[in-house]
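*Asks:* Provided herewith: my_file.cif, mmCIF, C-alpha atoms and all ligand atoms.
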```
data_input
loop_
_atom_site.label_atom_id
_atom_site.label_comp_id
_atom_site.auth_asym_id
_atom_site.auth_seq_id
_atom_site.Cartn_x
_atom_site.Cartn_y
_atom_site.Cartn_z
CA MET R 1 -118.42 60.27 48.91
CA ASN R 2 -120.10 56.98 48.07
CA ILE R 3 -120.91 55.61 44.64
CA GLU R 4 -124.64 56.33 44.98
CA HIS R 5 -123.95 59.98 45.66
CA LEU R 6 -121.57 60.29 42.70
CA ILE R 7 -124.20 58.66 40.48
CA SER R 8 -126.83 61.15 41.68
CA GLU R 9 -124.45 64.01 40.75
CA ALA R 10 -124.08 62.46 37.27
CA LYS R 11 -127.87 62.24 37.01
CA GLU R 12 -128.13 65.93 37.88
CA ALA R 13 -125.54 66.78 35.23
CA ARG R 14 -127.56 64.79 32.70
CA ASN R 15 -130.45 67.24 33.16
CA MET R 16 -128.20 69.97 31.69
CA ALA R 17 -127.49 68.08 28.45
CA TYR R 18 -127.81 70.16 25.27
CA THR R 19 -129.05 67.59 22.77
CA PRO R 20 -131.42 69.13 20.20
CA TYR R 21 -130.26 66.61 17.58
CA SER R 22 -129.99 63.21 19.26
CA LYS R 23 -132.19 63.91 22.32
CA PHE R 24 -129.86 61.40 23.99
CA ASN R 25 -128.86 62.89 27.32
CA VAL R 26 -125.74 61.83 29.18
CA GLY R 27 -124.34 62.97 32.52
CA ALA R 28 -120.96 62.47 34.15
CA ALA R 29 -119.54 63.23 37.58
CA LEU R 30 -115.81 63.25 38.25
CA LEU R 31 -114.60 63.01 41.85
CA THR R 32 -111.26 64.53 42.87
CA LYS R 33 -108.99 63.45 45.72
CA ASP R 34 -110.13 66.53 47.68
CA GLY R 35 -113.77 65.46 47.41
CA LYS R 36 -114.72 68.00 44.76
CA VAL R 37 -117.11 66.88 42.01
CA TYR R 38 -116.95 68.15 38.44
CA LYS R 39 -120.18 67.52 36.58
CA GLY R 40 -120.44 67.27 32.81
CA CYS R 41 -123.16 66.83 30.20
CA ASN R 42 -123.06 66.25 26.47
CA ILE R 43 -123.21 69.39 24.35
CA GLU R 44 -124.20 68.97 20.72
CA ASN R 45 -123.84 71.26 17.74
CA ALA R 46 -125.53 71.75 14.35
CA SER R 47 -122.11 70.81 12.99
CA TYR R 48 -122.60 67.36 14.53
CA SER R 49 -118.97 66.35 14.94
CA MET R 50 -118.33 69.33 17.23
CA THR R 51 -120.35 67.54 19.92
CA ASN R 52 -118.64 67.13 23.28
CA CYS R 53 -119.54 64.10 25.36
CA ALA R 54 -120.45 64.31 29.04
CA GLU R 55 -117.28 62.51 30.14
CA ARG R 56 -114.97 64.89 28.32
CA THR R 57 -116.95 67.93 29.50
CA ALA R 58 -116.37 66.89 33.13
CA LEU R 59 -112.69 66.12 32.56
CA PHE R 60 -111.99 69.32 30.65
CA LYS R 61 -113.75 71.40 33.28
CA ALA R 62 -111.55 69.86 35.99
CA ILE R 63 -108.27 70.16 34.10
CA SER R 64 -109.03 73.75 33.14
CA GLU R 65 -109.58 74.58 36.82
CA GLY R 66 -106.21 73.09 37.77
CA ASP R 67 -107.56 69.85 39.27
CA LYS R 68 -105.91 66.65 38.07
CA ASP R 69 -106.09 64.11 40.90
CA PHE R 70 -109.13 62.04 40.12
CA VAL R 71 -110.49 59.12 42.11
CA ALA R 72 -113.72 58.10 40.33
CA LEU R 73 -115.93 58.91 37.36
CA ALA R 74 -119.63 58.07 37.09
CA VAL R 75 -121.52 58.18 33.78
CA ILE R 76 -125.27 57.80 33.27
CA ALA R 77 -127.69 57.68 30.33
CA ASP R 78 -131.07 56.14 29.51
CA THR R 79 -129.66 52.93 28.05
CA LYS R 80 -130.60 49.25 28.35
CA ARG R 81 -127.15 48.35 29.58
CA PRO R 82 -124.93 50.65 31.64
CA VAL R 83 -123.87 53.41 29.23
CA SER R 84 -120.75 52.67 27.20
CA PRO R 85 -118.31 55.60 26.76
CA CYS R 86 -117.33 56.27 23.15
CA GLY R 87 -113.84 55.64 21.81
CA ALA R 88 -112.83 59.32 21.99
CA CYS R 89 -113.76 59.50 25.67
CA ARG R 90 -111.99 56.21 26.41
CA GLN R 91 -108.85 57.71 24.89
CA VAL R 92 -109.12 60.93 26.92
CA ILE R 93 -109.99 59.12 30.18
CA SER R 94 -106.98 56.81 29.63
CA GLU R 95 -104.66 59.79 29.41
CA LEU R 96 -106.01 61.89 32.28
CA CYS R 97 -107.04 59.34 34.92
CA PRO R 98 -105.00 56.84 36.93
CA LYS R 99 -104.92 53.28 35.54
CA ASP R 100 -106.52 51.81 38.66
CA MET R 101 -109.30 54.42 38.90
CA LYS R 102 -112.87 53.12 38.86
CA VAL R 103 -115.25 54.22 36.13
CA ILE R 104 -118.86 53.63 37.20
CA LEU R 105 -121.16 53.10 34.24
CA THR R 106 -124.87 53.12 34.91
CA ASN R 107 -128.34 53.74 33.48
CA LEU R 108 -131.66 55.09 34.71
CA GLN R 109 -132.80 51.60 35.79
CA GLY R 110 -129.87 51.49 38.20
CA ASP R 111 -127.80 48.80 36.46
CA ILE R 112 -124.16 49.39 37.40
CA GLN R 113 -120.94 48.26 35.75
CA GLU R 114 -117.61 49.18 37.31
CA ILE R 115 -114.55 49.13 35.12
CA ASN R 116 -110.93 50.13 35.73
CA VAL R 117 -109.48 52.84 33.51
CA GLU R 118 -106.82 50.41 32.25
CA ASP R 119 -109.55 48.10 30.92
CA LEU R 120 -111.43 50.84 29.05
CA LEU R 121 -109.13 50.95 26.05
CA PRO R 122 -106.66 48.09 25.74
CA GLY R 123 -103.57 49.12 23.78
CA ALA R 124 -104.46 52.82 23.99
CA PHE R 125 -102.10 55.16 22.18
CA SER R 126 -100.26 57.04 24.93
CA ALA R 127 -97.53 59.59 25.65
CA GLU R 128 -94.95 56.75 25.70
CA ASP R 129 -95.65 56.10 22.02
CA LEU R 130 -94.41 59.61 21.26
CA ASP R 131 -90.88 58.79 22.53
CA GLU R 132 -88.37 58.20 19.76
O1 LIG K 1 -120.81 57.83 26.74
C1 LIG K 1 -121.37 58.64 25.97
C2 LIG K 1 -122.04 58.26 24.80
C3 LIG K 1 -122.64 59.24 24.03
N1 LIG K 1 -122.60 60.56 24.41
C4 LIG K 1 -123.32 61.60 23.65
C5 LIG K 1 -122.73 62.10 22.38
C6 LIG K 1 -123.98 62.58 21.64
O2 LIG K 1 -124.36 63.87 22.11
C7 LIG K 1 -125.07 61.62 22.09
C8 LIG K 1 -125.38 60.52 21.08
O3 LIG K 1 -124.21 59.88 20.69
O4 LIG K 1 -124.60 61.06 23.30
C9 LIG K 1 -121.95 60.94 25.57
O5 LIG K 1 -121.96 62.11 25.95
N2 LIG K 1 -121.33 59.97 26.30
ZN ZN K 2 -117.58 60.18 24.30
#
```
Show this structure as structure tokens.
Ligand SMILES: O=c1ccn([C@H]2C[C@H](O)[C@@H](CO)O2)c(=O)[nH]1
Ligand SMILES: [Zn+2]

*Replies:*
Amino acid sequence: MNIEHLISEAKEARNMAYTPYSKFNVGAALLTKDGKVYKGCNIENASYSMTNCAERTALFKAISEGDKDFVALAVIADTKRPVSPCGACRQVISELCPKDMKVILTNLQGDIQEINVEDLLPGAFSAEDLDE
């Protein structure tokens, strides 16, 4: 699976976004070691803070299906710069994905930024912080 294909899966997921409030559609595609792709879109709610971002939708779908070996995540939105995942998603990605995994951020113009998971959220709170 190449990066272009993963991005096209993210673009497809974006078409499923449920965004009656922001009209800002985001898609994500999460690739597993076995070559399976979990797609996710953002899902909003009239109680705005209940919104789930595309990145977390894809991750939660995968984890809930028993998949946990991830090799890449692509995210796409109609932004001037490659879309920037929110803080909540950076926290969740940091916990569930390997440190050296590539996150491919892109936009509809085809600008691409690749970033390692470990650089998404420097100093992230993690499981180790829970140890006494
Ligand atoms: O990386 C991002 C950034 C924003 N959103 C969603 C949340 C909300 O539905 C809309 C506007 O913030 O975009 C995502 O899904 N992923
Ligand atoms: Zn988010």

*Asks:* What does the distance between atom CA of Arg14 of chain R and atom CA of Met101 of chain R come to in Å, to one decimal place?

*Replies:*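 Straight-line distance from atom CA of Arg14 of chain R to atom CA of Met101 of chain R works out to 21.9 Å.
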
*Asks:* Please, which residues in chain R fall within 10 Å of ligand LIG 1 (chain K) when counting only C-alpha atoms and all ligand atoms, and what is the closest atom pair and distance in Å to one decimal for each, ordered by chain then residue number, as a tab-separated table?

*Replies:*
```
residue	atom	partner	partner_atom	distance
R:Arg14	CA	K:LIG1	O5	9.2
R:Ala17	CA	K:LIG1	O2	8.2
R:Tyr18	CA	K:LIG1	O2	7.8
R:Thr19	CA	K:LIG1	O2	6.0
R:Pro20	CA	K:LIG1	O2	9.0
R:Tyr21	CA	K:LIG1	O2	7.9
R:Ser22	CA	K:LIG1	C8	5.6
R:Lys23	CA	K:LIG1	C7	7.5
R:Phe24	CA	K:LIG1	C7	5.2
R:Asn25	CA	K:LIG1	O4	6.1
R:Val26	CA	K:LIG1	O5	5.0
R:Gly27	CA	K:LIG1	O5	7.0
R:Ala28	CA	K:LIG1	N2	8.2
R:Gly40	CA	K:LIG1	O5	8.7
R:Cys41	CA	K:LIG1	O5	6.5
R:Asn42	CA	K:LIG1	O5	4.3
R:Ile43	CA	K:LIG1	O2	6.1
R:Glu44	CA	K:LIG1	O2	5.3
R:Asn45	CA	K:LIG1	O2	8.6
R:Tyr48	CA	K:LIG1	O2	8.5
R:Ser49	CA	K:LIG1	C6	9.2
R:Met50	CA	K:LIG1	O2	9.5
R:Thr51	CA	K:LIG1	O2	5.9
R:Asn52	CA	K:LIG1	C5	6.5
R:Cys53	CA	K:LIG1	O5	3.2
R:Ala54	CA	K:LIG1	O5	4.1
R:Glu55	CA	K:LIG1	N2	6.1
R:Arg56	CA	K:LIG1	O5	7.9
R:Thr57	CA	K:LIG1	O5	8.5
R:Val75	CA	K:LIG1	O1	7.1
R:Ile76	CA	K:LIG1	O1	7.9
R:Ala77	CA	K:LIG1	C1	7.7
R:Thr79	CA	K:LIG1	C2	9.9
R:Pro82	CA	K:LIG1	O1	9.6
R:Val83	CA	K:LIG1	O1	5.9
R:Ser84	CA	K:LIG1	O1	5.2
R:Pro85	CA	K:LIG1	O1	3.4
R:Cys86	CA	K:LIG1	O1	5.2
R:Gly87	CA	K:LIG1	O1	8.8
R:Ala88	CA	K:LIG1	O1	9.4
R:Cys89	CA	K:LIG1	O1	7.3
R:Arg90	CA	K:LIG1	O1	9.0
R:Leu105	CA	K:LIG1	O1	8.9
```

*Asks:* I'd like the neighbourhood of Cys97 of chain R as a list of chain:residue names, where a residue qualifies if any of its atoms comes within 12 Å (using only C-alpha atoms), though same-chain residues fewer than 6 positions away should be ignored.

*Replies:*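 Selected residues are R:Leu30, R:Leu31, R:Thr32, R:Lys33, R:Glu55, R:Arg56, R:Leu59, R:Phe60, R:Ala62, R:Ile63, R:Asp67, R:Lys68, R:Asp69, R:Phe70, R:Val71, R:Ala72, R:Leu73, R:Cys89, R:Arg90, R:Gln91, R:Val103, R:Asn116, R:Val117, R:Glu118, R:Leu120.
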
*Asks:* One decimal, Å: what's the distance from atom ZN of ligand ZN 2 (chain K) over to atom CA of Ser8 of chain R, could you say?

*Replies:*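 Value for the atom ZN of ligand ZN 2 (chain K)-atom CA of Ser8 of chain R distance: 19.7 Å.
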
*Asks:* Quick one: distance from atom CA of Ile7 of chain R to atom CA of Ile115 of chain R in Å, one decimal?

*Replies:* 14.6 Å

*Asks:* Between R:Ala58, R:Ala127, R:Asp119, R:Ile104, which residue has the minimum interatomic distance to ligand ZN 2 (chain K), considering all atoms listed in the file?

*Replies:* R:Ala58

*Asks:* Can you report as AutoDock Vina command-line options the centre and edge lengths in Å, to one decimal, of an axis-aligned box around the listed atoms of segment 39-50 of chain R padded with 8 Å on each side?

*Replies:*
```
--center_x -121.9 --center_y 69.0 --center_z 24.8 --size_x 23.2 --size_y 21.5 --size_z 39.6
```

*Asks:* Considering only C-alpha atoms, can you say which of R:Ala74, R:Val92, R:Met16, R:Val37 comes closest to Ile3 of chain R?

*Replies:* R:Ala74

*Asks:* Of the candidates R:Arg81, R:Ile93, R:Met1, R:Tyr38, which shows the shortest atom-to-atom distance to ligand ZN 2 (chain K), using all atoms listed in the file?

*Replies:* R:Ile93
